[in-house]
>>> print(open('run_16.tsv').read())   # TSV, C-alpha atoms
chain	number	residue	atom	x	y	z
Y	809	MET	CA	26.20	23.22	-13.56
Y	810	ALA	CA	22.47	22.76	-12.96
Y	811	GLN	CA	21.56	20.10	-10.43
Y	812	LYS	CA	19.72	17.02	-11.55
Y	813	ASP	CA	16.15	16.40	-10.48
Y	814	ILE	CA	15.81	13.45	-8.14
Y	815	ALA	CA	12.72	11.24	-8.04
Y	816	LYS	CA	12.35	8.86	-5.14
Y	817	ILE	CA	10.75	5.43	-5.12
Y	818	LEU	CA	10.54	3.30	-2.00
Y	819	VAL	CA	10.67	-0.47	-1.98
Y	820	THR	CA	9.41	-1.98	1.20
Y	821	GLY	CA	7.73	-5.01	2.75
Y	822	PRO	CA	8.61	-7.83	5.12
Y	823	PHE	CA	11.86	-9.80	5.00
Y	824	ALA	CA	12.78	-12.14	2.16
Y	825	ALA	CA	10.29	-10.75	-0.34
Y	826	GLY	CA	12.80	-9.74	-3.01
Y	827	LYS	CA	13.39	-6.03	-2.33
Y	828	THR	CA	17.16	-6.15	-2.80
Y	829	THR	CA	16.78	-8.12	-6.02
Y	830	LEU	CA	14.21	-5.72	-7.45
Y	831	ILE	CA	16.41	-2.71	-6.75
Y	832	ARG	CA	19.37	-4.45	-8.37
Y	833	PHE	CA	17.38	-5.08	-11.56
Y	834	VAL	CA	16.04	-1.58	-12.06
Y	835	SER	CA	19.11	0.41	-10.99
Y	836	SER	CA	21.95	1.67	-13.13
Y	837	GLU	CA	24.13	1.45	-10.05
Y	838	GLN	CA	23.53	-0.04	-6.62
Y	839	LEU	CA	25.38	1.67	-3.84
Y	840	LEU	CA	24.44	0.30	-0.47
Y	841	SER	CA	23.27	-3.13	0.44
Y	842	LYS	CA	24.56	-4.76	3.53
Y	843	ASP	CA	23.40	-8.33	3.83
Y	844	VAL	CA	24.42	-9.93	7.10
Y	845	LYS	CA	23.58	-13.19	8.72
Y	846	ALA	CA	20.17	-12.94	10.37
Y	847	THR	CA	20.58	-13.48	14.09
Y	848	ASP	CA	17.04	-13.15	15.38
Y	849	ALA	CA	14.04	-15.41	14.91
Y	850	LEU	CA	14.08	-14.61	11.18
Y	851	SER	CA	17.21	-16.67	10.71
Y	852	ARG	CA	15.02	-19.76	10.44
Y	853	PHE	CA	13.49	-18.30	7.30
Y	854	LYS	CA	16.32	-16.42	5.61
Y	855	ALA	CA	20.05	-16.83	6.12
Y	856	MET	CA	20.97	-13.29	5.11
Y	857	THR	CA	18.91	-10.16	5.65
Y	858	THR	CA	19.41	-6.51	4.78
Y	859	VAL	CA	20.61	-4.22	7.53
Y	860	GLY	CA	20.40	-0.50	6.91
Y	861	LEU	CA	19.33	0.43	3.43
Y	862	ASP	CA	19.33	-0.88	-0.05
Y	863	PHE	CA	19.94	2.02	-2.34
Y	864	GLY	CA	20.07	2.14	-6.10
Y	865	ILE	CA	20.21	4.91	-8.67
Y	866	LEU	CA	18.57	4.76	-12.05
Y	867	HIS	CA	19.94	7.35	-14.47
Y	868	VAL	CA	16.94	8.41	-16.54
Y	869	ASP	CA	18.41	11.23	-18.60
Y	870	ASP	CA	20.78	14.18	-18.24
Y	871	ASP	CA	18.34	15.95	-15.92
Y	872	LEU	CA	16.75	13.19	-13.89
Y	873	ASP	CA	17.85	10.35	-11.62
Y	874	VAL	CA	15.65	7.99	-9.65
Y	875	HIS	CA	16.74	7.03	-6.16
Y	876	LEU	CA	15.40	3.66	-5.09
Y	877	PHE	CA	15.38	3.06	-1.36
Y	878	GLY	CA	14.79	-0.37	0.04
Y	879	THR	CA	13.81	-0.31	3.67
Y	880	PRO	CA	14.77	-3.15	6.00
Y	881	GLY	CA	12.21	-5.93	6.18
Y	882	GLN	CA	11.31	-5.73	9.83
Y	883	SER	CA	8.47	-3.61	11.19
Y	884	ARG	CA	10.74	-2.17	13.89
Y	885	PHE	CA	12.32	-0.13	11.09
Y	886	ASN	CA	9.00	1.45	10.07
Y	887	PHE	CA	10.25	4.84	11.22
Y	888	MET	CA	12.76	4.81	8.33
Y	889	TRP	CA	9.94	4.54	5.82
Y	890	LYS	CA	8.29	7.62	7.33
Y	891	VAL	CA	11.46	9.65	6.88
Y	892	LEU	CA	12.25	8.32	3.43
Y	893	SER	CA	8.75	8.64	2.04
Y	894	ARG	CA	8.76	12.44	2.09
Y	895	GLY	CA	8.57	13.61	-1.50
Y	896	ALA	CA	8.57	10.08	-2.91
Y	897	LEU	CA	6.60	9.26	-6.04
Y	898	GLY	CA	5.25	6.16	-4.36
Y	899	THR	CA	5.99	2.81	-2.79
Y	900	ILE	CA	6.40	-0.75	-4.01
Y	901	PHE	CA	5.38	-3.16	-1.27
Y	902	LEU	CA	6.71	-6.68	-1.75
Y	903	ILE	CA	5.43	-9.62	0.20
Y	904	ASP	CA	6.14	-13.33	0.27
Y	905	SER	CA	2.63	-14.66	-0.36
Y	906	SER	CA	3.54	-18.13	0.91
Y	907	SER	CA	4.71	-17.19	4.38
Y	908	GLN	CA	2.22	-16.67	7.21
Y	909	ARG	CA	4.93	-14.98	9.22
Y	910	ALA	CA	5.67	-12.52	6.39
Y	911	ILE	CA	1.94	-11.85	5.92
Y	912	ASP	CA	1.48	-11.14	9.64
Y	913	GLU	CA	4.43	-8.75	9.56
Y	914	GLY	CA	3.22	-7.29	6.26
Y	915	LYS	CA	-0.22	-6.56	7.71
Y	916	LYS	CA	1.35	-4.39	10.43
Y	917	MET	CA	3.62	-2.67	7.95
Y	918	TYR	CA	0.88	-2.04	5.40
Y	919	LYS	CA	-1.45	-0.60	8.02
Y	920	TYR	CA	1.32	1.68	9.22
Y	921	TYR	CA	2.13	2.91	5.72
Y	922	ARG	CA	-1.45	3.47	4.69
Y	923	GLY	CA	-2.02	5.43	7.90
Y	924	LYS	CA	0.84	7.75	7.04
Y	925	SER	CA	0.42	8.38	3.35
Y	926	ASP	CA	-2.06	8.46	0.46
Y	927	ASP	CA	0.71	8.21	-2.13
Y	928	PRO	CA	0.38	5.42	-4.69
Y	929	ILE	CA	1.39	1.97	-3.49
Y	930	VAL	CA	1.66	-1.18	-5.59
Y	931	ILE	CA	1.82	-4.58	-3.92
Y	932	GLY	CA	3.97	-7.28	-5.50
Y	933	ALA	CA	2.95	-10.77	-4.34
Y	934	THR	CA	6.06	-12.95	-4.54
Y	935	HIS	CA	6.92	-16.64	-4.09
Y	936	ARG	CA	3.95	-17.62	-6.22
Y	937	ASP	CA	5.57	-20.93	-7.07
Y	938	LYS	CA	5.38	-22.16	-3.47
Y	939	GLU	CA	2.71	-24.61	-2.46
Y	940	ASP	CA	1.47	-22.39	0.37
Y	941	ALA	CA	1.12	-19.26	-1.76
Y	942	ARG	CA	-2.20	-17.51	-1.04
Y	943	ASP	CA	-4.40	-16.55	-3.91
Y	944	LEU	CA	-4.51	-12.81	-4.45
Y	945	ASP	CA	-7.95	-12.40	-2.88
Y	946	ALA	CA	-6.95	-14.15	0.31
Y	947	LEU	CA	-3.69	-12.23	0.48
Y	948	ALA	CA	-5.47	-8.89	0.01
Y	949	ASP	CA	-7.92	-9.82	2.77
Y	950	GLU	CA	-5.17	-10.84	5.16
Y	951	LEU	CA	-3.20	-7.68	4.52
Y	952	GLY	CA	-6.26	-5.44	4.72
Y	953	ALA	CA	-5.39	-4.22	1.22
Y	954	GLN	CA	-8.55	-5.09	-0.70
Y	955	ASP	CA	-8.45	-2.10	-3.02
Y	956	ALA	CA	-4.72	-2.02	-3.62
Y	957	ASN	CA	-3.14	-2.69	-6.98
Y	958	MET	CA	-1.73	-6.18	-6.37
Y	959	ILE	CA	0.41	-7.93	-8.94
Y	960	PRO	CA	1.79	-11.47	-8.79
Y	961	CYS	CA	5.50	-11.36	-9.53
Y	962	ASP	CA	8.91	-12.93	-9.18
Y	963	PRO	CA	11.52	-10.21	-8.54
Y	964	ARG	CA	14.23	-12.63	-9.70
Y	965	ASN	CA	12.77	-12.11	-13.14
Y	966	LYS	CA	13.91	-8.73	-14.46
Y	967	GLU	CA	10.72	-8.22	-16.48
Y	968	ASP	CA	8.60	-8.74	-13.36
Y	969	SER	CA	10.69	-6.24	-11.41
Y	970	LYS	CA	10.29	-3.69	-14.19
Y	971	MET	CA	6.55	-4.41	-14.27
Y	972	LEU	CA	6.09	-3.38	-10.65
Y	973	VAL	CA	7.87	-0.07	-11.17
Y	974	LEU	CA	5.86	0.55	-14.35
Y	975	ALA	CA	2.62	-0.19	-12.49
Y	976	LEU	CA	3.55	2.27	-9.76
Y	977	LEU	CA	4.44	4.98	-12.29
Y	978	GLU	CA	1.16	4.48	-14.15
Y	979	ASP	CA	-0.66	4.95	-10.85
Y	980	VAL	CA	1.33	8.12	-10.16
Y	981	MET	CA	0.41	9.50	-13.57
Y	982	ARG	CA	-3.23	8.58	-13.11
Y	983	ASP	CA	-3.27	10.36	-9.75
Y	984	GLU	CA	-1.83	13.50	-11.28
Y	985	ALA	CA	-3.95	13.56	-14.43
Y	986	ASP	CA	-6.75	16.02	-14.87
Y	987	ASP	CA	-10.01	14.06	-14.87
Y	988	GLU	CA	-11.71	16.52	-17.20
Y	989	LEU	CA	-9.35	15.66	-19.98
Y	990	GLU	CA	-10.16	12.01	-19.52
Y	991	GLU	CA	-13.85	12.75	-19.93
Y	992	GLU	CA	-13.24	14.66	-23.15
Y	993	ALA	CA	-11.18	11.80	-24.48
Y	994	LEU	CA	-13.89	9.30	-23.60
Y	995	ASP	CA	-16.28	10.91	-26.04
Y	996	ASP	CA	-13.98	10.10	-28.96
Y	997	PHE	CA	-13.47	6.52	-27.99
Y	998	GLU	CA	-16.36	4.79	-29.67
Y	999	LEU	CA	-16.46	1.34	-31.21
Y	1000	MET	CA	-17.16	1.83	-34.91
W	1171	MET	CA	-29.63	-6.76	-53.44
W	1172	SER	CA	-25.93	-6.55	-54.31
W	1173	LYS	CA	-23.28	-8.63	-52.57
W	1174	GLU	CA	-21.78	-5.47	-51.09
W	1175	SER	CA	-25.03	-4.47	-49.40
W	1176	ASP	CA	-25.47	-8.03	-48.17
W	1177	LYS	CA	-22.04	-7.76	-46.59
W	1178	LYS	CA	-22.88	-4.42	-45.02
W	1179	GLN	CA	-26.04	-5.82	-43.52
W	1180	LYS	CA	-24.12	-8.64	-41.90
W	1181	THR	CA	-21.47	-6.36	-40.41
W	1182	SER	CA	-22.33	-5.97	-36.74
W	1183	SER	CA	-22.29	-2.69	-34.91
W	1184	PHE	CA	-21.18	-2.58	-31.31
W	1185	LYS	CA	-22.10	1.01	-30.59
W	1186	HIS	CA	-24.37	-0.20	-27.80
W	1187	LEU	CA	-21.23	-1.05	-25.82
W	1188	GLY	CA	-20.41	2.65	-25.98
W	1189	VAL	CA	-23.85	3.42	-24.54
W	1190	LEU	CA	-23.20	1.04	-21.67
W	1191	ARG	CA	-19.77	2.59	-21.15
W	1192	LYS	CA	-21.25	6.06	-21.06
W	1193	ALA	CA	-23.88	5.01	-18.53
W	1194	LEU	CA	-21.40	3.30	-16.21
W	1195	SER	CA	-18.34	5.52	-16.40
W	1196	LYS	CA	-20.27	8.70	-15.67
W	1197	ALA	CA	-22.87	9.14	-12.95
W	1198	HIS	CA	-25.95	8.83	-15.13
W	1199	THR	CA	-29.36	8.07	-13.72
W	1200	GLY	CA	-31.89	6.87	-16.27
W	1201	GLU	CA	-32.51	3.93	-18.56
W	1202	ILE	CA	-30.74	2.11	-21.34
W	1203	ILE	CA	-33.39	1.17	-23.88
W	1204	TYR	CA	-32.61	-1.13	-26.78
W	1205	LYS	CA	-34.19	-3.15	-29.55
W	1206	THR	CA	-32.60	-6.27	-30.99
W	1207	GLU	CA	-32.65	-7.08	-34.70
W	1208	ARG	CA	-35.25	-9.72	-33.83
W	1209	GLU	CA	-37.47	-6.85	-32.68
W	1210	GLU	CA	-37.17	-7.69	-28.99
W	1211	ASP	CA	-37.11	-4.76	-26.61
W	1212	GLY	CA	-34.98	-4.45	-23.50
W	1213	GLN	CA	-34.35	-1.94	-20.79
W	1214	ILE	CA	-31.78	-1.55	-18.04
W	1215	ILE	CA	-32.18	0.88	-15.18
W	1216	VAL	CA	-29.09	2.91	-14.33
W	1217	THR	CA	-28.75	4.68	-10.99
W	1218	THR	CA	-25.85	7.11	-10.64
W	1219	GLY	CA	-23.71	4.95	-12.89
W	1220	ASP	CA	-24.60	1.70	-11.13
W	1221	LEU	CA	-26.85	-1.23	-12.05
W	1222	ILE	CA	-29.28	-3.25	-9.97
W	1223	ASN	CA	-27.89	-6.69	-9.20
W	1224	ASP	CA	-31.01	-8.74	-9.96
W	1225	ASP	CA	-31.98	-11.42	-12.46
W	1226	GLU	CA	-34.03	-9.05	-14.59
W	1227	THR	CA	-31.04	-6.76	-15.14
W	1228	LEU	CA	-28.80	-9.79	-15.66
W	1229	HIS	CA	-30.98	-11.15	-18.45
W	1230	ALA	CA	-31.36	-7.73	-20.07
W	1231	LEU	CA	-27.57	-7.28	-19.98
W	1232	GLU	CA	-26.90	-10.74	-21.38
W	1233	LYS	CA	-29.24	-10.02	-24.25
W	1234	LEU	CA	-27.65	-6.63	-24.90
W	1235	LEU	CA	-24.17	-8.15	-24.92
W	1236	THR	CA	-24.92	-11.15	-27.13
W	1237	GLU	CA	-27.71	-10.23	-29.55
W	1238	SER	CA	-27.44	-8.12	-32.68
W	1239	ILE	CA	-28.67	-4.74	-31.54
W	1240	ALA	CA	-30.63	-2.59	-33.96
W	1241	ASN	CA	-30.99	0.43	-31.73
W	1242	CYS	CA	-29.76	1.41	-28.28
W	1243	GLU	CA	-29.92	4.65	-26.38
W	1244	LEU	CA	-29.41	6.05	-22.93
W	1245	ILE	CA	-32.28	8.14	-21.62
W	1246	THR	CA	-30.74	10.27	-18.92
W	1247	GLU	CA	-32.81	11.81	-16.14
W	1248	ARG	CA	-29.83	13.44	-14.46
W	1249	ILE	CA	-26.06	13.26	-14.18
W	1250	ASP	CA	-24.50	13.54	-10.74
W	1251	GLU	CA	-20.99	14.72	-10.09
W	1252	GLU	CA	-19.70	11.44	-8.77
W	1253	LEU	CA	-20.46	7.78	-9.33
W	1254	GLU	CA	-22.62	6.09	-6.72
W	1255	ASN	CA	-20.15	3.26	-6.51
W	1256	SER	CA	-16.62	3.30	-7.91
W	1257	THR	CA	-16.50	-0.50	-8.13
W	1258	PRO	CA	-17.84	-2.42	-11.13
W	1259	PRO	CA	-21.52	-3.45	-11.00
W	1260	MET	CA	-21.54	-7.11	-9.95
W	1261	VAL	CA	-24.39	-7.80	-12.34
W	1262	LEU	CA	-22.14	-6.90	-15.27
W	1263	THR	CA	-19.33	-9.23	-14.17
W	1264	ARG	CA	-21.95	-11.96	-13.59
W	1265	ALA	CA	-23.26	-11.44	-17.12
W	1266	MET	CA	-19.74	-11.54	-18.57
W	1267	ASN	CA	-19.03	-14.81	-16.79
W	1268	ASP	CA	-22.06	-16.46	-18.36
W	1269	ILE	CA	-22.26	-15.22	-21.93
W	1270	HIS	CA	-20.73	-16.74	-25.05
W	1271	TRP	CA	-20.35	-15.47	-28.59
W	1272	ASP	CA	-20.20	-17.55	-31.73
W	1273	ALA	CA	-16.99	-17.58	-33.77
W	1274	GLU	CA	-18.30	-15.08	-36.31
W	1275	THR	CA	-19.30	-12.54	-33.66
W	1276	LEU	CA	-15.97	-12.99	-31.92
W	1277	GLU	CA	-14.15	-12.14	-35.13
W	1278	GLU	CA	-16.39	-9.09	-35.62
W	1279	LEU	CA	-15.65	-7.95	-32.09
W	1280	LYS	CA	-11.95	-8.51	-32.63
W	1281	LYS	CA	-12.01	-6.40	-35.79
W	1282	THR	CA	-13.96	-3.68	-34.03
W	1283	PHE	CA	-11.66	-3.49	-31.02
W	1284	ALA	CA	-8.62	-3.59	-33.30
W	1285	LYS	CA	-9.69	-0.21	-34.68
W	1286	LEU	CA	-9.28	1.54	-31.33
W	1287	PRO	CA	-6.34	3.93	-31.01
W	1288	PRO	CA	-3.52	3.17	-28.51
W	1289	ILE	CA	-4.98	2.53	-25.09
W	1290	ASP	CA	-4.21	2.91	-21.41
W	1291	VAL	CA	-5.47	0.18	-19.14
W	1292	LYS	CA	-6.36	0.88	-15.55
W	1293	MET	CA	-5.74	-1.90	-13.06
W	1294	MET	CA	-8.81	-3.24	-11.31
W	1295	PRO	CA	-8.87	-6.50	-9.38
W	1296	LEU	CA	-11.94	-7.70	-11.29
W	1297	HIS	CA	-11.92	-11.10	-9.60
W	1298	ARG	CA	-12.82	-9.26	-6.40
W	1299	TYR	CA	-16.01	-8.05	-8.08
W	1300	GLY	CA	-17.16	-11.41	-9.30
W	1301	TYR	CA	-15.35	-11.76	-12.62
W	1302	SER	CA	-13.94	-15.25	-12.95
W	1303	ASP	CA	-11.06	-14.51	-15.33
W	1304	GLY	CA	-9.12	-11.77	-13.55
W	1305	LEU	CA	-5.85	-13.26	-14.81
W	1306	THR	CA	-6.55	-12.41	-18.45
W	1307	TYR	CA	-7.41	-8.86	-17.42
W	1308	LEU	CA	-4.14	-8.74	-15.44
W	1309	MET	CA	-2.34	-9.89	-18.59
W	1310	LEU	CA	-3.95	-7.07	-20.57
W	1311	TYR	CA	-2.87	-4.58	-17.90
W	1312	GLN	CA	0.70	-5.91	-17.75
W	1313	GLU	CA	1.09	-5.86	-21.52
W	1314	SER	CA	-0.14	-2.26	-21.57
W	1315	LEU	CA	2.51	-1.26	-19.04
W	1316	LYS	CA	5.32	-2.52	-21.22
W	1317	ASP	CA	4.42	-0.56	-24.30
W	1318	GLU	CA	4.04	3.18	-24.64
W	1319	HIS	CA	1.84	2.74	-27.72
W	1320	PHE	CA	-0.08	-0.30	-26.63
W	1321	THR	CA	-2.99	-1.31	-28.84
W	1322	THR	CA	-5.60	-4.03	-28.72
W	1323	VAL	CA	-3.96	-5.52	-31.82
W	1324	LYS	CA	-0.76	-6.02	-29.81
W	1325	PHE	CA	-2.81	-7.59	-27.05
W	1326	PHE	CA	-4.31	-10.11	-29.47
W	1327	ASN	CA	-0.86	-10.87	-30.86
W	1328	GLU	CA	0.95	-11.14	-27.51
W	1329	CYS	CA	-1.63	-13.26	-25.71
W	1330	PRO	CA	-0.39	-16.78	-25.05
W	1331	ALA	CA	-2.09	-19.62	-26.85
W	1332	TYR	CA	-3.77	-20.89	-23.71
W	1333	THR	CA	-6.10	-17.89	-23.62
W	1334	THR	CA	-8.99	-18.17	-26.03
W	1335	LEU	CA	-10.17	-15.34	-28.24
W	1336	GLU	CA	-13.36	-15.25	-26.18
W	1337	GLN	CA	-11.36	-14.68	-22.96
W	1338	GLN	CA	-9.47	-11.85	-24.66
W	1339	ILE	CA	-12.61	-10.26	-26.06
W	1340	LYS	CA	-14.41	-10.51	-22.73
W	1341	VAL	CA	-11.77	-8.54	-20.83
W	1342	LEU	CA	-11.74	-5.92	-23.56
W	1343	VAL	CA	-15.52	-5.59	-23.50
W	1344	LEU	CA	-15.54	-5.45	-19.72
W	1345	GLY	CA	-12.66	-2.96	-19.54
W	1346	TYR	CA	-14.25	-0.83	-22.24
W	1347	CYS	CA	-17.72	-0.77	-20.67
W	1348	LEU	CA	-16.33	0.04	-17.22
W	1349	GLY	CA	-14.12	2.84	-18.52
W	1350	LEU	CA	-10.97	0.99	-17.46
W	1351	ILE	CA	-9.66	1.12	-21.01
W	1352	ASN	CA	-9.13	4.63	-22.25
W	1353	PRO	CA	-7.40	6.37	-25.11
W	1354	GLN	CA	-3.77	6.95	-24.26
W	1355	VAL	CA	-4.03	10.70	-24.50
W	1356	SER	CA	-6.07	10.69	-21.31
W	1357	LEU	CA	-3.03	10.48	-19.04
W	1358	LYS	CA	-0.69	12.81	-20.84
W	1359	GLY	CA	-2.44	16.11	-21.15
W	1360	LYS	CA	-3.26	18.76	-18.64
W	1361	THR	CA	-2.43	18.11	-15.02
W	1362	LYS	CA	-3.88	19.44	-11.79
W	1363	GLY	CA	-1.17	22.04	-11.22
W	1364	ALA	CA	2.53	22.83	-11.38
W	1365	ALA	CA	3.52	20.27	-8.73
W	1366	SER	CA	1.42	17.64	-10.45
W	1367	SER	CA	2.91	18.54	-13.78
W	1368	ARG	CA	6.42	18.02	-12.38
W	1369	ARG	CA	5.56	14.64	-10.90
W	1370	MET	CA	3.78	13.66	-14.10
W	1371	SER	CA	6.78	14.66	-16.20
W	1372	MET	CA	9.17	12.70	-13.99
W	1373	ALA	CA	6.94	9.63	-13.94
W	1374	SER	CA	6.54	9.76	-17.71
W	1375	ARG	CA	10.31	9.97	-18.33
W	1376	ILE	CA	11.03	7.13	-15.91
W	1377	LEU	CA	8.36	5.03	-17.61
W	1378	ASP	CA	10.00	5.54	-20.97
W	1379	LYS	CA	13.41	4.70	-19.53
W	1380	ILE	CA	12.28	1.49	-17.86
W	1381	ARG	CA	10.31	0.34	-20.88
W	1382	GLY	CA	13.52	0.66	-22.88
W	1383	MET	CA	15.69	-1.27	-20.40
>>> encode(input="run_16.tsv", output="structure tokens")
Amino acid sequence: MAQKDIAKILVTGPFAAGKTTLIRFVSSEQLLSKDVKATDALSRFKAMTTVGLDFGILHVDDDLDVHLFGTPGQSRFNFMWKVLSRGALGTIFLIDSSSQRAIDEGKKMYKYYRGKSDDPIVIGATHRDKEDARDLDALADELGAQDANMIPCDPRNKEDSKMLVLALLEDVMRDEADDELEEEALDDFELM
Amino acid sequence: MSKESDKKQKTSSFKHLGVLRKALSKAHTGEIIYKTEREEDGQIIVTTGDLINDDETLHALEKLLTESIANCELITERIDEELENSTPPMVLTRAMNDIHWDAETLEELKKTFAKLPPIDVKMMPLHRYGYSDGLTYLMLYQESLKDEHFTTVKFFNECPAYTTLEQQIKVLVLGYCLGLINPQVSLKGKTKGAASSRRMSMASRILDKIRGM
């Protein structure tokens, strides 16, 4: 029997941004997610945090599965992202836009990731309903991600979770497309 | 003159937006020269696909975008390989912030954009380049992601009531002129090589799957 193709998508970002929830919504099956009581300084912010990996599989068709890896939300686990990112289509970077602590951590993580890879990355700005939520400009400035594709979202909403994956995939396709074809197509795109 | 020809005379043409698009989405250096139906002339200098951010250019752009244009052409001195600046000209976003169309022109623009084939929308944080209504553009982008055959007609229909027709038209005009809105075929043809083709194929199938979830 022929083996299925596997596409990889990484979901990363600081703690309590919604990574586990996003993977749950876009997976056909979720295999690993070990939430334990946070014991370090993060416990003030989130009672449970993911240890190890979140992992979900989305069955696309008979020949293709997507593996979704959620990396732990602490920068000391950055090394896992480096290993996991090999051959990935791209990365979804979630960040709690209302938490200074998450933004500080996110800045370190984002800098690390951008230094290691040019693959597409989409930033999902979460917790938009909180009073302290930064506007997108300020958040991009603080993260050092001014030119990134940043989308406000609530991963608890399935449509928002899907939106982030769709945005990443569009970026992947745009990266892979032949620019010449785009130019040809432009010529036939006139307002009549 | 017959009623039909009266009607034809009143139907606006927006081909000048295509001229602006051509000048900005490729690295043209030259001039956009136009004449309004009130016989006023205008010119906009283009340098490697970019515009000068000054009041003269602003006023010329505002006139081009709001008046009935009788004739408009791009006189190209040269075309470079790459754009001078891959970000939108600030003078264009400034102009878009300020201009207004009357109800009749808005309807004409709506009809004109509704004729476009299915589109792809490229994400651009327009608010970072001076455009005040980045949220409506984000809405356009998000709606386009959901639908494999997304059209401007669907955008008009799906937009919530709190966005005005003018807000919707402005992001379409801006996206069109900046080359952020393209025919859908542009992403699904030839790729850069075998590896690209494989990634493209996978991404395309996953897109279809997730849209259907």
>>> closest_atom_pairs(input="run_16.tsv", of="chain Y", to="chain W", cutoff="8 Å", atoms="all atoms listed in the file", output="Markdown table")
| residue | atom | partner | partner_atom | distance |
| --- | --- | --- | --- | --- |
| Y:Ala815 | CA | W:Met1372 | CA | 7.1 |
| Y:Val834 | CA | W:Ile1380 | CA | 7.6 |
| Y:Val868 | CA | W:Lys1379 | CA | 5.9 |
| Y:Leu872 | CA | W:Met1372 | CA | 7.6 |
| Y:Val874 | CA | W:Ile1376 | CA | 7.8 |
| Y:Leu897 | CA | W:Arg1369 | CA | 7.3 |
| Y:Asp945 | CA | W:Arg1298 | CA | 6.8 |
| Y:Asp955 | CA | W:Pro1295 | CA | 7.7 |
| Y:Asn957 | CA | W:Met1293 | CA | 6.7 |
| Y:Met958 | CA | W:Pro1295 | CA | 7.8 |
| Y:Ile959 | CA | W:Leu1308 | CA | 8.0 |
| Y:Lys970 | CA | W:Ile1380 | CA | 6.7 |
| Y:Met971 | CA | W:Gln1312 | CA | 7.0 |
| Y:Leu974 | CA | W:Leu1315 | CA | 6.0 |
| Y:Ala975 | CA | W:Leu1315 | CA | 6.6 |
| Y:Leu977 | CA | W:Ala1373 | CA | 5.5 |
| Y:Glu978 | CA | W:Leu1315 | CA | 7.7 |
| Y:Val980 | CA | W:Ala1373 | CA | 6.9 |
| Y:Met981 | CA | W:Met1370 | CA | 5.4 |
| Y:Arg982 | CA | W:Leu1357 | CA | 6.2 |
| Y:Glu984 | CA | W:Ser1366 | CA | 5.3 |
| Y:Ala985 | CA | W:Thr1361 | CA | 4.8 |
| Y:Asp986 | CA | W:Thr1361 | CA | 4.8 |
| Y:Leu989 | CA | W:Ser1356 | CA | 6.1 |
| Y:Glu990 | CA | W:Ser1356 | CA | 4.7 |
| Y:Ala993 | CA | W:Ser1356 | CA | 6.1 |
| Y:Leu994 | CA | W:Asn1352 | CA | 6.8 |
| Y:Phe997 | CA | W:Pro1353 | CA | 6.7 |
| Y:Glu998 | CA | W:Gly1188 | CA | 5.9 |
| Y:Leu999 | CA | W:Lys1185 | CA | 5.7 |
| Y:Met1000 | CA | W:Thr1282 | CA | 6.4 |
>>> axis_aligned_box(input="run_16.tsv", around="stretch 1239-1252 of chain W", padding_each_side="4 Å", output="AutoDock Vina command-line options")
--center_x -26.3 --center_y 5.0 --center_z -21.4 --size_x 21.1 --size_y 27.5 --size_z 33.2
>>> closest_residue(input="run_16.tsv", among="W:Leu1296, W:Val1261, W:Leu1221, W:Ala1273", to="W:Thr1334", atoms="only C-alpha atoms")
W:Ala1273
>>> atom_distance(input="run_16.tsv", atom1="atom CA of Y:Phe885", atom2="atom CA of Y:Glu939")
29.6 Å
>>> residues_around(input="run_16.tsv", residues="Y:Pro928", least_positions_apart="3", cutoff="7 Å", atoms="all atoms listed in the file", output="PyMOL selection string")
chain Y and resi 898-899+976+979-980
>>> atom_distance(input="run_16.tsv", atom1="atom CA of W:Glu1328", atom2="atom CA of Y:Leu944")
23.8 Å
